[in-house]
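K.L.:
Sharing start17.cif, mmCIF, C-alpha atoms and all ligand atoms:
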data_structure
loop_
_atom_site.label_atom_id
_atom_site.label_comp_id
_atom_site.auth_asym_id
_atom_site.auth_seq_id
_atom_site.Cartn_x
_atom_site.Cartn_y
_atom_site.Cartn_z
CA MET H 1 -16.16 51.96 -8.29
CA LEU H 2 -12.57 52.49 -7.22
CA SER H 3 -9.38 51.67 -9.05
CA ARG H 4 -7.16 49.01 -7.48
CA GLU H 5 -4.73 51.73 -6.47
CA GLU H 6 -7.47 53.73 -4.73
CA ASN H 7 -8.81 50.62 -3.05
CA ASP H 8 -5.34 49.80 -1.70
CA LEU H 9 -4.86 53.36 -0.52
CA LEU H 10 -8.07 53.34 1.53
CA THR H 11 -7.77 49.84 2.95
CA GLN H 12 -4.08 49.47 3.90
CA VAL H 13 -3.36 50.77 7.39
CA GLY H 14 0.14 49.58 8.29
CA PRO H 15 2.98 52.00 9.13
CA GLY H 16 4.06 54.04 6.12
CA LYS H 17 0.79 53.56 4.20
CA PRO H 18 -1.13 56.81 3.57
CA MET H 19 -4.29 55.67 5.37
CA GLY H 20 -2.23 54.08 8.16
CA GLU H 21 -0.37 57.35 8.65
CA LEU H 22 -3.63 59.32 8.62
CA MET H 23 -5.12 57.05 11.31
CA ARG H 24 -1.97 57.51 13.39
CA ARG H 25 -2.60 61.25 13.67
CA TYR H 26 -5.69 60.75 15.86
CA TRP H 27 -6.55 59.24 19.23
CA ILE H 28 -8.23 55.94 18.40
CA PRO H 29 -9.97 53.31 20.57
CA ALA H 30 -7.43 50.64 21.58
CA LEU H 31 -9.39 48.60 24.16
CA LEU H 32 -12.13 48.93 26.76
CA SER H 33 -11.13 50.34 30.17
CA SER H 34 -12.84 47.30 31.70
CA GLU H 35 -10.27 44.97 30.06
CA VAL H 36 -7.62 46.35 32.40
CA PRO H 37 -9.90 46.77 35.43
CA HIS H 38 -7.44 47.51 38.24
CA PRO H 39 -3.80 48.46 38.90
CA ASP H 40 -1.30 45.68 38.27
CA CYS H 41 -3.95 43.48 36.60
CA ALA H 42 -3.02 41.02 33.86
CA PRO H 43 -1.79 42.66 30.66
CA VAL H 44 -3.92 42.37 27.52
CA ARG H 45 -2.90 41.74 23.92
CA VAL H 46 -3.94 44.50 21.52
CA ARG H 47 -3.46 44.40 17.76
CA LEU H 48 -3.94 47.86 16.30
CA LEU H 49 -3.19 49.18 12.79
CA GLY H 50 -1.22 45.99 12.11
CA GLU H 51 0.99 46.40 15.22
CA ASP H 52 1.16 43.79 17.99
CA LEU H 53 0.98 45.52 21.35
CA VAL H 54 0.33 44.84 25.02
CA ALA H 55 -1.82 47.04 27.23
CA LEU H 56 -1.31 47.28 30.97
CA ARG H 57 -2.62 49.30 33.90
CA ASP H 58 0.33 50.04 36.16
CA THR H 59 0.46 50.30 39.96
CA GLN H 60 -0.60 53.96 39.79
CA GLY H 61 -3.63 53.10 37.64
CA ARG H 62 -2.19 54.56 34.42
CA VAL H 63 -2.79 52.67 31.20
CA GLY H 64 0.08 52.08 28.78
CA LEU H 65 0.49 50.38 25.43
CA LEU H 66 3.82 48.71 24.68
CA ASP H 67 5.21 46.81 21.72
CA GLU H 68 4.38 43.18 22.52
CA HIS H 69 7.90 41.92 21.92
CA CYS H 70 10.62 42.56 24.45
CA SER H 71 13.40 44.85 23.22
CA HIS H 72 15.98 42.38 24.56
CA ARG H 73 15.34 39.23 22.53
CA GLY H 74 11.70 39.43 21.58
CA THR H 75 9.78 37.34 24.12
CA SER H 76 6.13 38.38 24.34
CA LEU H 77 5.47 40.80 27.17
CA PHE H 78 1.90 39.49 27.32
CA TYR H 79 3.27 36.79 29.64
CA GLY H 80 5.13 39.37 31.71
CA ARG H 81 4.69 40.40 35.34
CA ASN H 82 2.83 43.67 35.85
CA GLU H 83 4.28 44.91 39.13
CA GLU H 84 5.66 48.00 40.85
CA CYS H 85 4.93 50.44 38.05
CA GLY H 86 6.21 48.39 35.18
CA LEU H 87 5.92 45.29 33.05
CA ARG H 88 8.68 42.74 33.53
CA CYS H 89 9.61 40.26 30.80
CA ILE H 90 9.63 36.70 32.14
CA TYR H 91 12.72 35.65 30.13
CA HIS H 92 15.56 37.78 31.62
CA GLY H 93 13.51 40.23 33.68
CA TRP H 94 13.83 43.42 31.64
CA LYS H 95 11.29 45.80 33.08
CA TYR H 96 9.52 48.62 31.21
CA ASP H 97 7.42 51.54 32.39
CA ILE H 98 4.41 52.74 30.38
CA GLU H 99 6.58 55.25 28.56
CA GLY H 100 8.89 52.54 27.29
CA ARG H 101 11.84 53.31 29.60
CA VAL H 102 13.86 50.23 30.55
CA LEU H 103 13.91 50.29 34.35
CA LYS H 104 15.68 47.01 35.12
CA THR H 105 18.00 44.57 33.36
CA PRO H 106 18.74 42.11 36.19
CA ALA H 107 20.76 39.70 34.03
CA GLU H 108 23.27 42.46 33.19
CA PRO H 109 26.19 43.46 35.44
CA ALA H 110 25.28 46.04 38.09
CA ASN H 111 27.25 48.77 36.31
CA SER H 112 25.68 48.12 32.88
CA THR H 113 24.31 51.15 31.03
CA LEU H 114 22.51 49.02 28.44
CA LYS H 115 19.11 49.96 29.82
CA ASP H 116 19.79 53.66 29.27
CA LYS H 117 20.51 53.06 25.59
CA VAL H 118 17.28 51.24 24.75
CA ARG H 119 13.84 52.80 24.44
CA HIS H 120 10.97 50.39 23.96
CA THR H 121 8.09 51.37 21.66
CA ALA H 122 5.29 52.78 23.83
CA TYR H 123 2.19 54.74 22.87
CA PRO H 124 0.37 57.27 25.05
CA CYS H 125 -3.11 56.36 26.27
CA LYS H 126 -6.02 58.31 27.72
CA GLU H 127 -9.31 57.04 29.11
CA ALA H 128 -12.74 58.47 28.32
CA ALA H 129 -16.24 57.03 27.83
CA GLY H 130 -15.14 53.60 29.08
CA VAL H 131 -12.56 53.37 26.29
CA VAL H 132 -8.76 53.50 26.32
CA TRP H 133 -7.76 55.82 23.48
CA ALA H 134 -4.26 55.50 22.06
CA TYR H 135 -2.14 57.74 19.87
CA LEU H 136 0.28 55.93 17.54
CA GLY H 137 1.54 58.94 15.61
CA PRO H 138 4.59 61.21 15.65
CA LYS H 139 5.60 62.17 19.20
CA ASP H 140 5.73 65.90 18.40
CA LYS H 141 2.19 65.97 17.01
CA VAL H 142 0.08 64.56 19.85
CA PRO H 143 -3.34 66.29 19.66
CA LEU H 144 -5.89 66.93 22.40
CA LEU H 145 -8.48 64.25 23.01
CA PRO H 146 -11.63 65.37 21.20
CA ASN H 147 -14.28 66.62 23.56
CA TYR H 148 -17.40 64.99 22.09
CA GLU H 149 -20.38 65.49 24.36
CA TRP H 150 -20.27 61.86 25.56
CA MET H 151 -16.57 61.66 26.37
CA ASP H 152 -16.83 62.53 30.06
CA LEU H 153 -20.25 61.13 30.93
CA PRO H 154 -20.56 58.99 34.08
CA ALA H 155 -20.54 55.22 33.55
CA GLU H 156 -24.28 54.79 34.15
CA ARG H 157 -25.08 56.94 31.11
CA LEU H 158 -22.77 54.94 28.84
CA TYR H 159 -22.97 51.46 27.39
CA VAL H 160 -19.92 50.45 25.37
CA THR H 161 -19.22 47.19 23.57
CA LYS H 162 -16.68 45.98 21.05
CA SER H 163 -16.74 43.11 18.58
CA ILE H 164 -14.22 41.70 16.13
CA GLN H 165 -15.17 42.15 12.48
CA ASP H 166 -13.62 39.72 10.02
CA CYS H 167 -13.10 42.28 7.31
CA ASN H 168 -11.28 45.48 6.46
CA TRP H 169 -12.28 48.57 8.46
CA LEU H 170 -13.64 50.47 5.43
CA GLN H 171 -16.34 47.88 4.76
CA GLY H 172 -17.66 48.54 8.26
CA LEU H 173 -17.44 52.32 7.91
CA GLU H 174 -19.19 52.27 4.55
CA GLY H 175 -22.10 50.54 6.30
CA GLU H 176 -22.51 53.75 8.31
CA CYS H 177 -22.62 55.87 5.17
CA ASP H 178 -25.64 54.51 3.34
CA SER H 179 -28.93 55.20 5.04
CA SER H 180 -30.61 53.29 2.21
CA HIS H 181 -29.84 49.86 3.69
CA LEU H 182 -31.97 50.62 6.77
CA SER H 183 -35.10 50.04 4.71
CA VAL H 184 -33.90 46.64 3.53
CA LEU H 185 -31.25 44.87 5.63
CA HIS H 186 -32.88 45.81 8.96
CA LYS H 187 -36.47 45.32 7.86
CA ASN H 188 -38.60 43.28 10.20
CA PHE H 189 -42.07 41.87 9.70
CA THR H 190 -43.23 41.59 13.30
CA GLY H 191 -43.49 45.24 14.32
CA GLU H 192 -41.02 44.58 17.13
CA ARG H 193 -38.88 47.58 17.95
CA PRO H 194 -35.48 46.92 16.38
CA ARG H 195 -32.50 46.59 18.72
CA GLY H 196 -30.30 49.12 17.07
CA GLY H 197 -32.61 52.03 17.43
CA GLY H 198 -34.73 54.02 15.07
CA ASP H 199 -38.18 53.36 13.79
CA GLY H 200 -38.76 50.50 11.35
CA ALA H 201 -42.03 51.96 10.04
CA LEU H 202 -40.29 55.17 9.02
CA TYR H 203 -37.46 53.27 7.33
CA ALA H 204 -40.01 51.19 5.45
CA ALA H 205 -42.07 54.18 4.31
CA ASP H 206 -39.50 55.08 1.66
CA SER H 207 -36.81 52.61 0.59
CA ALA H 208 -35.10 55.03 -1.78
CA PRO H 209 -34.19 58.03 0.37
CA GLN H 210 -32.58 61.13 -1.07
CA LEU H 211 -28.99 61.28 0.13
CA GLU H 212 -26.53 64.10 0.44
CA GLY H 213 -22.99 64.33 1.83
CA ILE H 214 -21.60 67.63 3.08
CA GLU H 215 -17.90 68.05 3.86
CA MET H 216 -17.36 69.37 7.39
CA ASP H 217 -14.33 70.27 9.48
CA TYR H 218 -14.57 66.86 11.23
CA GLY H 219 -15.36 64.66 8.23
CA MET H 220 -18.70 64.33 6.41
CA ARG H 221 -22.23 65.15 7.49
CA LEU H 222 -24.69 62.81 5.79
CA LEU H 223 -28.35 63.63 5.24
CA SER H 224 -31.06 61.20 4.22
CA CYS H 225 -34.62 62.29 3.46
CA ARG H 226 -37.47 59.78 3.29
CA ARG H 227 -40.81 61.02 1.97
CA ILE H 228 -43.20 59.39 4.42
CA ASP H 229 -46.32 61.20 3.17
CA PRO H 230 -46.91 64.06 0.71
CA ASP H 231 -46.29 66.71 3.38
CA THR H 232 -43.63 65.11 5.55
CA ILE H 233 -40.00 64.12 5.30
CA TYR H 234 -38.25 61.81 7.75
CA LEU H 235 -34.82 63.36 8.04
CA ARG H 236 -31.80 61.52 9.40
CA VAL H 237 -28.46 63.20 9.95
CA SER H 238 -25.40 61.02 10.53
CA ASN H 239 -21.73 61.93 10.67
CA ILE H 240 -18.57 60.27 9.51
CA VAL H 241 -15.96 61.58 11.91
CA LEU H 242 -12.23 61.26 11.27
CA PRO H 243 -10.56 58.91 11.33
CA CYS H 244 -12.96 55.93 11.55
CA HIS H 245 -16.16 56.80 13.43
CA GLY H 246 -19.80 56.81 12.40
CA PHE H 247 -22.15 58.89 14.59
CA ILE H 248 -25.61 57.47 13.96
CA PRO H 249 -28.99 58.86 15.06
CA THR H 250 -30.72 56.17 17.07
CA GLY H 251 -32.73 58.47 19.29
CA GLY H 252 -35.08 61.13 17.98
CA LEU H 253 -38.84 60.64 17.81
CA ARG H 254 -38.62 58.59 21.01
CA GLY H 255 -38.50 61.59 23.31
CA ASN H 256 -35.82 64.05 24.22
CA SER H 257 -32.28 63.60 25.41
CA GLU H 258 -31.75 60.18 23.93
CA GLY H 259 -28.35 60.81 22.41
CA TYR H 260 -27.02 58.94 19.41
CA THR H 261 -24.73 55.96 18.86
CA ILE H 262 -21.08 55.96 17.90
CA HIS H 263 -19.84 53.09 15.75
CA SER H 264 -16.05 53.14 15.46
CA HIS H 265 -14.41 50.83 12.95
CA VAL H 266 -10.86 50.61 14.23
CA PRO H 267 -8.45 48.65 12.06
CA ILE H 268 -6.85 45.66 13.78
CA ASP H 269 -4.93 45.06 10.56
CA ASP H 270 -5.84 45.16 6.88
CA THR H 271 -8.25 42.21 7.09
CA HIS H 272 -9.82 42.66 10.55
CA SER H 273 -11.32 45.52 12.48
CA MET H 274 -12.76 46.16 15.93
CA ARG H 275 -16.19 47.70 15.97
CA TYR H 276 -16.79 49.81 19.08
CA ASN H 277 -20.42 50.68 19.76
CA ILE H 278 -20.74 53.57 22.20
CA HIS H 279 -24.29 54.23 23.35
CA PHE H 280 -25.01 57.19 25.62
CA ARG H 281 -27.90 59.05 27.15
CA ARG H 282 -27.68 62.75 27.75
CA THR H 283 -29.66 63.22 30.93
CA ARG H 284 -30.44 59.84 32.44
CA PRO H 285 -28.89 56.45 33.09
CA ILE H 286 -29.07 53.81 30.37
CA HIS H 287 -31.95 51.45 31.12
CA GLU H 288 -31.23 47.76 31.61
CA ASP H 289 -33.09 46.79 28.43
CA GLU H 290 -31.02 49.30 26.46
CA ARG H 291 -27.93 47.41 27.60
CA GLN H 292 -28.92 44.51 25.36
CA HIS H 293 -28.43 46.27 22.03
CA ASP H 294 -25.26 44.32 21.37
CA GLU H 295 -25.85 41.09 23.26
CA GLU H 296 -24.53 38.01 21.47
CA ILE H 297 -20.89 39.11 21.76
CA GLY H 298 -18.74 36.50 23.52
CA ALA H 299 -16.13 37.15 26.22
CA ASP H 300 -13.44 36.96 23.53
CA PHE H 301 -15.23 39.78 21.63
CA ARG H 302 -16.21 37.36 18.87
CA LYS H 303 -19.84 37.52 17.86
CA LEU H 304 -21.81 34.38 18.70
CA ARG H 305 -23.36 34.72 15.26
CA ASN H 306 -20.43 35.06 12.89
CA LEU H 307 -19.14 34.31 9.40
CA GLY H 308 -17.95 30.86 10.55
CA ASN H 309 -21.48 29.70 11.45
CA ASN H 310 -23.38 31.66 8.77
CA TYR H 311 -24.67 33.94 11.53
CA LEU H 312 -26.93 31.05 12.64
CA GLN H 313 -29.29 32.12 9.89
CA ASP H 314 -32.76 30.60 10.26
CA ARG H 315 -34.48 30.33 6.89
CA GLU H 316 -37.93 29.90 8.45
CA ARG H 317 -37.52 33.05 10.50
CA GLN H 318 -36.23 34.81 7.40
CA LYS H 319 -39.70 34.22 5.93
CA ARG H 320 -41.69 35.24 9.00
CA GLU H 321 -39.61 37.50 11.21
CA ASN H 322 -37.17 39.74 9.44
CA PHE H 323 -35.20 40.21 6.28
CA THR H 324 -32.07 38.35 7.39
CA GLY H 325 -33.32 35.52 9.61
CA MET H 326 -30.44 36.40 11.93
CA GLY H 327 -32.24 37.73 15.00
CA GLN H 328 -33.02 41.32 15.88
CA ILE H 329 -29.55 42.67 16.62
CA PHE H 330 -28.54 45.24 14.00
CA LEU H 331 -24.87 44.59 14.67
CA VAL H 332 -25.25 41.04 13.33
CA HIS H 333 -27.04 42.17 10.17
CA ASP H 334 -24.40 44.81 9.47
CA SER H 335 -21.58 42.35 10.13
CA CYS H 336 -23.04 39.78 7.74
CA ALA H 337 -23.45 42.42 5.04
CA THR H 338 -19.89 43.69 5.35
CA GLU H 339 -17.90 40.57 6.35
CA SER H 340 -19.42 38.42 3.61
CA MET H 341 -17.85 40.75 1.01
CA GLY H 342 -14.52 39.07 1.86
CA PRO H 343 -11.54 40.24 3.94
CA ILE H 344 -10.79 43.19 1.61
CA TYR H 345 -13.49 43.89 -0.93
CA ASP H 346 -12.21 44.70 -4.42
CA ARG H 347 -14.19 47.84 -5.22
CA SER H 348 -13.17 47.71 -8.88
CA GLN H 349 -15.88 45.02 -9.22
CA GLU H 350 -18.91 46.87 -7.86
CA HIS H 351 -21.84 48.60 -9.56
CA LEU H 352 -22.83 51.74 -7.73
CA GLY H 353 -26.20 53.50 -7.92
CA VAL H 354 -27.92 56.57 -6.54
CA SER H 355 -28.31 54.83 -3.17
CA ASP H 356 -24.50 54.86 -2.86
CA LEU H 357 -24.12 58.60 -3.21
CA THR H 358 -22.97 59.16 0.36
CA VAL H 359 -20.63 56.15 0.24
CA ILE H 360 -19.01 57.70 -2.82
CA ALA H 361 -18.77 61.09 -1.11
CA VAL H 362 -17.05 59.62 1.95
CA ARG H 363 -14.56 57.65 -0.16
CA LYS H 364 -13.66 60.76 -2.11
CA PHE H 365 -13.20 62.70 1.10
CA LEU H 366 -10.96 59.99 2.62
CA LEU H 367 -8.88 59.64 -0.56
CA LYS H 368 -8.35 63.39 -0.76
CA THR H 369 -7.51 63.65 2.95
CA ALA H 370 -5.07 60.71 2.95
CA ARG H 371 -3.28 62.08 -0.13
CA GLU H 372 -3.06 65.61 1.28
CA VAL H 373 -1.67 64.39 4.59
CA ALA H 374 0.84 62.17 2.75
CA SER H 375 2.06 65.28 0.95
CA GLY H 376 2.63 67.10 4.24
CA LYS H 377 -0.64 68.88 4.94
CA GLU H 378 -2.02 69.00 8.50
CA PRO H 379 -4.98 66.59 8.82
CA PRO H 380 -8.45 67.99 9.50
CA HIS H 381 -10.10 67.44 12.91
CA VAL H 382 -6.80 67.19 14.77
CA ILE H 383 -7.67 69.15 17.89
CA ARG H 384 -5.04 71.55 19.23
CA THR H 385 -6.99 74.33 20.96
CA ALA H 386 -9.96 74.62 23.31
CA GLU H 387 -11.77 76.55 20.58
CA GLN H 388 -11.34 73.68 18.11
CA ASN H 389 -12.63 71.38 20.81
CA ASP H 390 -16.10 72.91 20.77
CA LEU H 391 -17.67 69.98 18.93
CA ARG H 392 -21.36 70.47 19.55
CA HIS H 393 -22.03 70.59 15.80
CA VAL H 394 -20.87 66.97 15.53
CA ALA H 395 -24.27 65.57 16.41
CA CYS H 396 -27.09 63.58 14.90
CA ILE H 397 -30.73 64.28 14.23
CA ALA H 398 -33.66 62.03 13.39
CA THR H 399 -36.88 63.94 13.00
CA LYS H 400 -39.88 64.72 10.83
CA ILE H 401 -39.88 68.01 8.94
CA ALA H 402 -42.27 69.63 6.49
CA ALA H 403 -41.67 68.47 2.94
CA ALA H 404 -41.55 72.10 1.85
CA SER H 405 -38.61 72.95 4.12
CA ASP H 406 -34.92 72.90 3.24
CA PRO H 407 -33.31 70.02 5.19
CA LYS H 408 -29.79 71.46 4.98
CA ALA H 409 -30.83 74.84 6.35
CA TYR H 410 -32.88 73.11 9.06
CA VAL H 411 -29.90 71.05 10.22
CA THR H 412 -27.49 74.00 10.24
CA GLU H 413 -29.96 76.02 12.30
CA GLN H 414 -30.66 73.19 14.77
CA LEU H 415 -27.03 72.29 15.40
CA LYS H 416 -26.12 75.87 16.23
CA LYS H 417 -28.22 75.53 19.38
CA PRO H 418 -26.28 74.22 22.35
CA ARG H 419 -29.11 71.85 23.40
CA TYR H 420 -30.89 71.44 20.11
CA TRP H 421 -32.54 68.16 21.12
CA GLU H 422 -34.70 70.06 23.58
CA THR H 423 -36.28 72.15 20.84
CA GLU H 424 -39.84 71.36 19.98
CA SER H 425 -39.27 70.31 16.41
CA TYR H 426 -36.86 67.55 17.33
S1 LIG K 501 13.77 38.53 26.01
FE1 LIG K 501 12.83 39.82 27.46
S2 LIG K 501 14.31 40.02 29.00
FE2 LIG K 501 15.24 38.75 27.55
FE FE K 502 -27.04 48.85 9.53
#
What would you get if you wrote out this structure as structure tokens?
Ligand code: FES
Ligand SMILES: [Fe+2]
P.N.:
Amino acid sequence: MLSREENDLLTQVGPGKPMGELMRRYWIPALLSSEVPHPDCAPVRVRLLGEDLVALRDTQGRVGLLDEHCSHRGTSLFYGRNEECGLRCIYHGWKYDIEGRVLKTPAEPANSTLKDKVRHTAYPCKEAAGVVWAYLGPKDKVPLLPNYEWMDLPAERLYVTKSIQDCNWLQGLEGECDSSHLSVLHKNFTGERPRGGGDGALYAADSAPQLEGIEMDYGMRLLSCRRIDPDTIYLRVSNIVLPCHGFIPTGGLRGNSEGYTIHSHVPIDDTHSMRYNIHFRRTRPIHEDERQHDEEIGADFRKLRNLGNNYLQDRERQKRENFTGMGQIFLVHDSCATESMGPIYDRSQEHLGVSDLTVIAVRKFLLKTAREVASGKEPPHVIRTAEQNDLRHVACIATKIAAASDPKAYVTEQLKKPRYWETESY
């Protein structure tokens, strides 16, 4: 349970709010690269951390993110003309480059210096893993882009989707923290392999896993141990990575080199978030059937099954097929669980148990981090050197280990190896 004050602190992400300021110290997903597919293409509206912005790819192919409203008299630049390395407002023709410089003010006299006095809000962008990452923080504190192992993979080894979530970002992130819900929410009765990864039989073998959260330099490492028989533990290792990512083991036990899945819960504003799902494979292209993990997302990034249509729940199928009666896509189950709590869940009303141990650990970590940063401390996992950018320990594991072994020691040992997933025990 959280106090109202703690709940507000974790859920409010606008400028000046402690969590909003923490988020602004990192590169965060702003849109998919494919939304701005070629130079001078149509600009795209982006709402991020409560700010209304417009993304464009300029004539040179660079992506920029500008305040949506023209610095002259506020017309939306979404309707503007993206041409000759800048975005031109359709009202009086003010033209901006991706750094927010005003290049043209055609309605002003030729000798006007007005354009030199105005600087439009613009945020730097970088592209990696099919995603445009933006930095909305202080200009003198821009970090390096984190070098996760999947950031520079070729397109055929990546499959990236995004979907609007009608709830606060933390509800989504908390869904990444509790391994316990795998045994319930995602249970299916047909033996069909779930489309979200993992192994349903192993989840079902123990519905009350032992959970542990360990604070790391990048966030929290989360362990869950299911006793699947007297001698064997099914171990899952996930990570909550600052500021808003869940790294979830969806490979393992299916063969080597599968990778894991990244679920990023990026705040649109306090009551909506964008969930990015980044799937990758380490050594081979993604198969066509693997590209259907997140089907049922419309062209407008709204889920076809959503809160407005009760996720097209089928009560007959709920009896025969799976626990939810909402199809086999994990994304839909998770969204129903978290969106139906309401736009911002009031955590002073909940009743937590042992199965929430890792949720509690992550909340504590986020509260502590947001407060420390608000009081002037440098945030953790802000990458400034090549050494800090060695992030191979930010990885996931799903494997069986002997019940007699120490899971924590096993994980530490495995993740020291540069290609741990090739070891026999994995
Ligand atoms: S409002 Fe944009 S140029 Fe006038
Ligand atoms: Fe889930």
K.L.:
With all atoms listed in the file counted, collect every polymer residue having an atom within 9 Å of ligand FE 502 (chain K); state the result as a PyMOL selection string.
P.N.:
chain H and resi 175-176+178-179+181-182+185-186+196+330-335+337
K.L.:
As a PyMOL selection string, please: every protein or nucleic acid residue near ligand LIG 501 (chain K) (cut-off 12 Å, counting all atoms listed in the file).
P.N.:
chain H and resi 67-81+87-96+102-108+115+120
K.L.:
May I have the centre and edge lengths, in Å to one decimal, of an axis-aligned box around the listed atoms of stretch 80-91 of chain H with 3 Å added to every side, as AutoDock Vina command-line options?
P.N.:
--center_x 7.8 --center_y 43.0 --center_z 35.5 --size_x 15.9 --size_y 20.8 --size_z 16.7
K.L.:
Quote the spacing between atom CA of H:Ala404 and atom CA of H:Tyr420 in Å to one decimal place.
P.N.:
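Straight-line distance from atom CA of H:Ala404 to atom CA of H:Tyr420 works out to 21.2 Å.
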K.L.:
Find the residues with any atom within 10 Å of (-25.1, 66.4, 0.4); use all atoms listed in the file and the coordinates as given in the file, and write the answer as a PDB file with C-alpha atoms, keeping the file's coordinate frame.
P.N.:
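Wrote point_15.pdb, looks like this:
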ATOM      1  CA  GLN H 210     -32.580  61.130  -1.070  1.00  0.00           C
ATOM      2  CA  LEU H 211     -28.990  61.280   0.130  1.00  0.00           C
ATOM      3  CA  GLU H 212     -26.530  64.100   0.440  1.00  0.00           C
ATOM      4  CA  GLY H 213     -22.990  64.330   1.830  1.00  0.00           C
ATOM      5  CA  ILE H 214     -21.600  67.630   3.080  1.00  0.00           C
ATOM      6  CA  GLU H 215     -17.900  68.050   3.860  1.00  0.00           C
ATOM      7  CA  MET H 220     -18.700  64.330   6.410  1.00  0.00           C
ATOM      8  CA  ARG H 221     -22.230  65.150   7.490  1.00  0.00           C
ATOM      9  CA  LEU H 222     -24.690  62.810   5.790  1.00  0.00           C
ATOM     10  CA  LEU H 223     -28.350  63.630   5.240  1.00  0.00           C
ATOM     11  CA  SER H 224     -31.060  61.200   4.220  1.00  0.00           C
ATOM     12  CA  LEU H 357     -24.120  58.600  -3.210  1.00  0.00           C
ATOM     13  CA  THR H 358     -22.970  59.160   0.360  1.00  0.00           C
ATOM     14  CA  ALA H 361     -18.770  61.090  -1.110  1.00  0.00           C
ATOM     15  CA  LYS H 408     -29.790  71.460   4.980  1.00  0.00           C
TER      16      LYS H 408
END
K.L.:
So how many Å separate atom CA of H:Leu202 and atom CA of H:Ser355, to one decimal?
P.N.:
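Separation of atom CA of H:Leu202 and atom CA of H:Ser355: 17.1 Å.
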K.L.:
Using all atoms listed in the file for the distances, tell me which of H:Asp231, H:Asp346, H:Glu21, H:Asp300 is nearest to H:Glu372.
P.N.:
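Of all the options, H:Glu21 lies closest to H:Glu372.
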K.L.:
Env of H:Pro154: 12 Å cut, atoms = only C-alpha atoms, seq-sep filter 5 positions within chain, self excluded. Answer as a tab-separated table (two decimals) with C-alpha atoms, in the coordinates of the input.
P.N.:
chain	number	residue	atom	x	y	z
H	128	ALA	CA	-12.74	58.47	28.32
H	129	ALA	CA	-16.24	57.03	27.83
H	130	GLY	CA	-15.14	53.60	29.08
H	149	GLU	CA	-20.38	65.49	24.36
H	159	TYR	CA	-22.97	51.46	27.39
H	280	PHE	CA	-25.01	57.19	25.62
H	281	ARG	CA	-27.90	59.05	27.15
H	282	ARG	CA	-27.68	62.75	27.75
H	283	THR	CA	-29.66	63.22	30.93
H	284	ARG	CA	-30.44	59.84	32.44
H	285	PRO	CA	-28.89	56.45	33.09
H	286	ILE	CA	-29.07	53.81	30.37
K.L.:
For H:Gly16, which residue out of H:Val373, H:Arg157, H:Val266, H:Gly353 is the nearest one, using only C-alpha atoms?
P.N.:
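Ranking H:Val373, H:Arg157, H:Val266, H:Gly353 by distance to H:Gly16, first place goes to H:Val373.
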K.L.:
Between atom CA of H:Leu9 and atom CA of H:Tyr135, what is the distance, to one decimal in Å?
P.N.:
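Distance reported for this atom pair: 21.0 Å.
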K.L.:
Write out as a list in words each polymer residue whose atoms come within 9 Å of H:Glu6, counting only C-alpha atoms; drop sequence neighbours fewer than 5 positions from it.
P.N.:
Thr11, Arg347 and Leu367 of chain H
K.L.:
Could you dump the residues just selected with C-alpha atoms as a PDB file, in the frame of the given file?
P.N.:
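Output file selection-v4.pdb is given in full below:
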ATOM      1  CA  THR H  11      -7.770  49.840   2.950  1.00  0.00           C
ATOM      2  CA  ARG H 347     -14.190  47.840  -5.220  1.00  0.00           C
ATOM      3  CA  LEU H 367      -8.880  59.640  -0.560  1.00  0.00           C
TER       4      LEU H 367
END
